[in-house]
2 protein chains.
Amino acid sequence: MKVGLDKKKIIEAAADMADEKGIANVTLKVLAEELGIKPPSLYKHFSGGLEELNKELMLYGWRSLESEITRAAIGKAKDDAITAICYAYRNFVAKHKGLFEAMQWYNMYQSKEHLQATEGTVSILFQVLEAYGLNEEQKVHIVRMLRGFLQGFVSIESHGGYGNPTPLNDTFDFALKTILNGVRDLQGGT
Amino acid sequence: MKVGLDKKKIIEAAADMADEKGIANVTLKVLAEELGIKPPSLYKHFSGGLEELNKELMLYGWRSLESEITRAAIGKAKDDAITAICYAYRNFVAKHKGLFEAMQWYNMYQSKEHLQATEGTVSILFQVLEAYGLNEEQKVHIVRMLRGFLQGFVSIESHGGYGNPTPLNDTFDFALKTILNGVRDLQGGT
DNA sequence: TACAATAGCTAATGCGATTAGCCAAAATAA
DNA sequence: TTATTTTGGCTAATCGCATTAGCTATTGTA
């Protein structure tokens with residue numbers, strides 16, 4: 001008894017488990033088993049039960065993604081920075097399929113908290129866009145488009161939804177180029 | 001007894017219920033209640049239980065989307081057709097939030113069937129792209145990019161994930177224009 | 001008109017989440 | 001050091017929904 005557990009360790013264990021078996025298979029029963037405790041004990045750390053655990057998983061995922069993205073953008077600017085960020089996002093999801101499920105899945109319920117969770121990632125994109133001299137609205141469009149594309153692409157990719165044998169890297173590069181062209185056009189016009 | 005129920009009616013009821021209360025709240029218990037029968041009776045139509053129901057919901061959703069998209073593209077070509085299709089997709093999800101959840105959610109489990117389900121929608125996009133004189137690989141990139149963007153954008157939009165007050169229509173238009181520019185560039189280059 | 005299949009029902013089971021309440025270890029206060 | 005409170009674990013019991021077993025009336029058909 002008194003295994004040295006805390007919220008953080010439990011969440012990390014749950015995240016690993018989600019990546020291995022899928023978020024739907026992360027149950028309190030099996031998580032407790034993995035941690036060497038009994039299910040009711042988990043309520044000492046998560047009084048809100050499974051729902052709270054999932055919420056924490058969602059938050060943990062966005063925090064992790066944000067830190068990966070931040071690291072990826074260090075020392076880069078403009079197109080290079082955006083490209084690096086997008087690849088970091090994609091690689092993160094490739095490595096954390098289950099956690100990414102949690103990050104998306106939970107947004108179906110709690111849009112407020114989800115909004116806050118994604119804030120960090122969004123603001124990094126905004127910062128990088130500063131360098132292009134766009135107006136606020138233009139930046140909003142670019143960020144939204146990037147978020148939409150990234151989320152959809154990696155979601156489909158990670159579930160094997162793209163059947164064609166053409167390399168996905170090529171499509172990803174093409175799409176980034178296309179979006180970056182869009183940024184360039186905005187600079188030219190207006 | 002012997003309420004005139006069949007698979008189709010049950011799925012439609014489940015879809016409506018998903019749109020109203022979210023897919024997570026479509027339980028056999030409440031669905032049966034809604035239909036005026038008892039939960040075990042549902043097994044006469046879905047021997048696979050809840051899982052089969054969800055799979056059918058996913059298939060039904062993709063079929064419905066495909067038909068909406070097909071209708072939207074009638075009499076249109078090139079950019080007009082693509083734009084119409086994308087708007088049809090977006091409007092479909094706006095009207096069928098819960099069903100769309102099912103369409104996505106289920107793909108976490110059954111990638112084979114999901115792949116088949118999306119086939120129709122994908123092939124419509126390919127057909128429209130015929131008019132541009134692109135090679136196969138180029139078409140694949142465009143279709144993938146469109147799918148990625150559409151799925152991500154509407155998913156974020158439908159969960160209220162875009163916080164900024166800037167109208168989402170404007171972003172959607174901007175993104176479509178950007179992607180269509182990408183198509184144009186492919187035609188010029190090669 | 002018999003009879004097989006269908007579509008419903010009730011009763012019972014299973015399983016995971018959750019709650020209630022107990023207890024020892026650890027941390028803190030006297 | 002000792003008393004006390006908090007913490008984090010446990011067992012036992014409950015709840016809720018999915019699911020299974022087995023019964024029966026209706027329906028449609030030979």
# chains A, B, ... in the order shown; residues from 1 in each chain; ligands from 1
>>> interface_residues(of="chain D", to="chain B", cutoff="8 Å", atoms="only C-alpha atoms (C1' of nucleotides)", output="number ranges by chain")
D: 17-19, 26
>>> write_last_selection(atoms="C-alpha atoms (C1' of nucleotides)", output="PDB file, in the first residue's frame")
ATOM      1  C1'  DC D  17     -26.282  -0.229 -19.188  1.00  0.00           C
ATOM      2  C1'  DA D  18     -25.264  -3.994 -22.416  1.00  0.00           C
ATOM      3  C1'  DT D  19     -26.084  -8.340 -23.291  1.00  0.00           C
ATOM      4  C1'  DT D  26     -48.090 -12.299 -34.470  1.00  0.00           C
TER       5       DT D  26
END
>>> residues_around(residues="region 83-86 of chain A", least_positions_apart="3", cutoff="6 Å", atoms="only C-alpha atoms (C1' of nucleotides)", output="number ranges by chain")
A: 69, 72-73, 79-80, 89
>>> select_by_dssp(residues="region 37-184 of chain A", states="alpha helix (DSSP H)", output="VMD selection string")
chain A and resid 39 to 42 49 to 73 78 to 95 97 to 105 111 to 129 136 to 158 168 to 184
>>> closest_residue(among="B:Ser41, B:Gly22, B:Leu59, B:Tyr87", to="chain A", atoms="only C-alpha atoms")
B:Gly22
>>> interface_residues(of="chain C", to="chain A", cutoff="12 Å", atoms="only C-alpha atoms (C1' of nucleotides)", output="ChimeraX atom specification")
/C:15-20,23-26
>>> closest_atom_pairs(of="chain B", to="chain A", cutoff="9 Å", atoms="only C-alpha atoms", output="JSON lines")
{"residue": "B:Gly22", "atom": "CA", "partner": "A:Met108", "partner_atom": "CA", "distance": 8.1}
{"residue": "B:Glu101", "atom": "CA", "partner": "A:Met108", "partner_atom": "CA", "distance": 8.3}
{"residue": "B:Trp105", "atom": "CA", "partner": "A:Trp105", "partner_atom": "CA", "distance": 8.0}
{"residue": "B:Asn107", "atom": "CA", "partner": "A:His159", "partner_atom": "CA", "distance": 6.7}
{"residue": "B:Met108", "atom": "CA", "partner": "A:His159", "partner_atom": "CA", "distance": 6.2}
{"residue": "B:Tyr109", "atom": "CA", "partner": "A:His159", "partner_atom": "CA", "distance": 8.3}
{"residue": "B:Gln110", "atom": "CA", "partner": "A:His159", "partner_atom": "CA", "distance": 8.7}
{"residue": "B:Ser111", "atom": "CA", "partner": "A:Gly160", "partner_atom": "CA", "distance": 6.3}
{"residue": "B:Lys112", "atom": "CA", "partner": "A:Gly160", "partner_atom": "CA", "distance": 8.6}
{"residue": "B:His114", "atom": "CA", "partner": "A:Gly161", "partner_atom": "CA", "distance": 7.4}
{"residue": "B:Leu115", "atom": "CA", "partner": "A:Gly161", "partner_atom": "CA", "distance": 5.8}
{"residue": "B:Thr118", "atom": "CA", "partner": "A:Gly161", "partner_atom": "CA", "distance": 8.4}
{"residue": "B:Glu137", "atom": "CA", "partner": "A:Thr166", "partner_atom": "CA", "distance": 7.0}
{"residue": "B:Gln138", "atom": "CA", "partner": "A:Thr171", "partner_atom": "CA", "distance": 8.8}
{"residue": "B:Val140", "atom": "CA", "partner": "A:Thr166", "partner_atom": "CA", "distance": 7.5}
{"residue": "B:His141", "atom": "CA", "partner": "A:Thr171", "partner_atom": "CA", "distance": 4.9}
{"residue": "B:Ile142", "atom": "CA", "partner": "A:Thr171", "partner_atom": "CA", "distance": 8.0}
{"residue": "B:Arg144", "atom": "CA", "partner": "A:Thr171", "partner_atom": "CA", "distance": 7.1}
{"residue": "B:Met145", "atom": "CA", "partner": "A:Ala175", "partner_atom": "CA", "distance": 6.1}
{"residue": "B:Leu146", "atom": "CA", "partner": "A:Phe149", "partner_atom": "CA", "distance": 8.2}
{"residue": "B:Arg147", "atom": "CA", "partner": "A:Gly152", "partner_atom": "CA", "distance": 7.3}
{"residue": "B:Gly148", "atom": "CA", "partner": "A:Phe153", "partner_atom": "CA", "distance": 4.1}
{"residue": "B:Phe149", "atom": "CA", "partner": "A:Phe149", "partner_atom": "CA", "distance": 3.8}
{"residue": "B:Leu150", "atom": "CA", "partner": "A:Gly152", "partner_atom": "CA", "distance": 7.0}
{"residue": "B:Gln151", "atom": "CA", "partner": "A:Gly152", "partner_atom": "CA", "distance": 4.9}
{"residue": "B:Gly152", "atom": "CA", "partner": "A:Gly152", "partner_atom": "CA", "distance": 3.7}
{"residue": "B:Phe153", "atom": "CA", "partner": "A:Gly148", "partner_atom": "CA", "distance": 4.1}
{"residue": "B:Val154", "atom": "CA", "partner": "A:Gly148", "partner_atom": "CA", "distance": 7.7}
{"residue": "B:Ser155", "atom": "CA", "partner": "A:Gly148", "partner_atom": "CA", "distance": 8.0}
{"residue": "B:Ile156", "atom": "CA", "partner": "A:Gly148", "partner_atom": "CA", "distance": 7.0}
{"residue": "B:Glu157", "atom": "CA", "partner": "A:Gly148", "partner_atom": "CA", "distance": 8.9}
{"residue": "B:Ser158", "atom": "CA", "partner": "A:Met108", "partner_atom": "CA", "distance": 9.0}
{"residue": "B:His159", "atom": "CA", "partner": "A:Met108", "partner_atom": "CA", "distance": 6.2}
{"residue": "B:Gly160", "atom": "CA", "partner": "A:Ser111", "partner_atom": "CA", "distance": 6.3}
{"residue": "B:Gly161", "atom": "CA", "partner": "A:Leu115", "partner_atom": "CA", "distance": 5.8}
{"residue": "B:Tyr162", "atom": "CA", "partner": "A:Arg144", "partner_atom": "CA", "distance": 7.4}
{"residue": "B:Gly163", "atom": "CA", "partner": "A:Leu115", "partner_atom": "CA", "distance": 7.1}
{"residue": "B:Asn164", "atom": "CA", "partner": "A:Val140", "partner_atom": "CA", "distance": 7.6}
{"residue": "B:Thr166", "atom": "CA", "partner": "A:Glu137", "partner_atom": "CA", "distance": 7.0}
{"residue": "B:Leu168", "atom": "CA", "partner": "A:His141", "partner_atom": "CA", "distance": 8.6}
{"residue": "B:Asp170", "atom": "CA", "partner": "A:His141", "partner_atom": "CA", "distance": 7.7}
{"residue": "B:Thr171", "atom": "CA", "partner": "A:His141", "partner_atom": "CA", "distance": 4.9}
{"residue": "B:Phe172", "atom": "CA", "partner": "A:Met145", "partner_atom": "CA", "distance": 7.9}
{"residue": "B:Phe174", "atom": "CA", "partner": "A:His141", "partner_atom": "CA", "distance": 7.0}
{"residue": "B:Ala175", "atom": "CA", "partner": "A:Met145", "partner_atom": "CA", "distance": 6.1}
{"residue": "B:Lys177", "atom": "CA", "partner": "A:Gly182", "partner_atom": "CA", "distance": 8.5}
{"residue": "B:Thr178", "atom": "CA", "partner": "A:Gly182", "partner_atom": "CA", "distance": 5.4}
{"residue": "B:Ile179", "atom": "CA", "partner": "A:Thr178", "partner_atom": "CA", "distance": 6.6}
{"residue": "B:Asn181", "atom": "CA", "partner": "A:Thr178", "partner_atom": "CA", "distance": 7.8}
{"residue": "B:Gly182", "atom": "CA", "partner": "A:Thr178", "partner_atom": "CA", "distance": 5.4}
{"residue": "B:Val183", "atom": "CA", "partner": "A:Thr178", "partner_atom": "CA", "distance": 8.9}
{"residue": "B:Asp185", "atom": "CA", "partner": "A:Thr178", "partner_atom": "CA", "distance": 9.0}
>>> write_last_selection(atoms="C-alpha atoms", output="compact mmCIF listing (two decimals), in the first residue's frame")
# COMPACT_ATOMS: atom_id res chain seq x y z
CA GLY B 22 -24.54 13.69 -29.12
CA GLU B 101 -19.28 12.22 -34.64
CA TRP B 105 -15.59 8.10 -34.01
CA ASN B 107 -13.08 5.09 -37.74
CA MET B 108 -10.97 4.61 -34.66
CA TYR B 109 -11.88 0.98 -34.64
CA GLN B 110 -12.63 -0.33 -38.10
CA SER B 111 -10.39 1.18 -40.70
CA LYS B 112 -11.36 -1.31 -43.40
CA HIS B 114 -14.40 3.06 -42.90
CA LEU B 115 -12.20 3.10 -45.96
CA THR B 118 -15.58 7.06 -47.62
CA GLU B 137 -0.53 11.81 -58.24
CA GLN B 138 -1.53 15.42 -58.39
CA VAL B 140 -4.34 12.33 -55.05
CA HIS B 141 -2.66 15.25 -53.34
CA ILE B 142 -5.55 17.58 -53.97
CA ARG B 144 -6.19 14.32 -49.67
CA MET B 145 -5.67 17.95 -48.89
CA LEU B 146 -9.34 18.70 -49.38
CA ARG B 147 -10.41 15.81 -47.23
CA GLY B 148 -7.98 16.73 -44.51
CA PHE B 149 -8.97 20.34 -44.45
CA LEU B 150 -12.69 19.65 -44.63
CA GLN B 151 -12.69 17.09 -41.89
CA GLY B 152 -10.53 19.15 -39.57
CA PHE B 153 -12.23 22.45 -40.21
CA VAL B 154 -15.78 21.27 -39.75
CA SER B 155 -14.80 19.16 -36.79
CA ILE B 156 -13.25 22.13 -35.01
CA GLU B 157 -16.07 24.40 -36.12
CA SER B 158 -18.81 22.09 -34.97
CA HIS B 159 -17.29 21.79 -31.52
CA GLY B 160 -16.87 25.52 -31.16
CA GLY B 161 -13.11 25.20 -31.31
CA TYR B 162 -12.57 28.39 -33.25
CA GLY B 163 -12.82 31.08 -30.64
CA ASN B 164 -12.14 34.23 -32.62
CA THR B 166 -14.07 36.56 -37.30
CA LEU B 168 -16.04 31.31 -40.19
CA ASP B 170 -14.74 34.04 -44.55
CA THR B 171 -12.12 31.58 -43.42
CA PHE B 172 -13.80 28.76 -45.29
CA PHE B 174 -10.29 31.84 -48.01
CA ALA B 175 -9.21 28.26 -47.54
CA LYS B 177 -9.59 29.79 -52.67
CA THR B 178 -6.15 28.87 -51.41
CA ILE B 179 -6.60 25.24 -52.28
CA ASN B 181 -5.03 28.24 -56.32
CA GLY B 182 -2.93 25.21 -55.54
CA VAL B 183 -4.80 23.30 -58.21
CA ASP B 185 -0.48 26.10 -59.91
>>> atom_distance(atom1="C1' of DG8 (chain D)", atom2="C1' of DT28 (chain C)")
16.4 Å
>>> residues_around(residues="Gly133 (chain B)", least_positions_apart="2", cutoff="12 Å", atoms="only C-alpha atoms (C1' of nucleotides)", output="list of chain:residue names")
B:Lys78, B:Phe126, B:Gln127, B:Val128, B:Leu129, B:Glu130, B:Ala131, B:Asn135, B:Glu136, B:Glu137, B:Gln138, B:Lys139, B:Val183, B:Arg184, B:Leu186, B:Gln187, B:Gly188, B:Gly189, B:Thr190
>>> atom_distance(atom1="CA of Glu52 (chain B)", atom2="CA of Ala18 (chain A)")
23.0 Å
>>> atom_distance(atom1="CA of Glu56 (chain B)", atom2="CA of Leu5 (chain B)")
15.7 Å
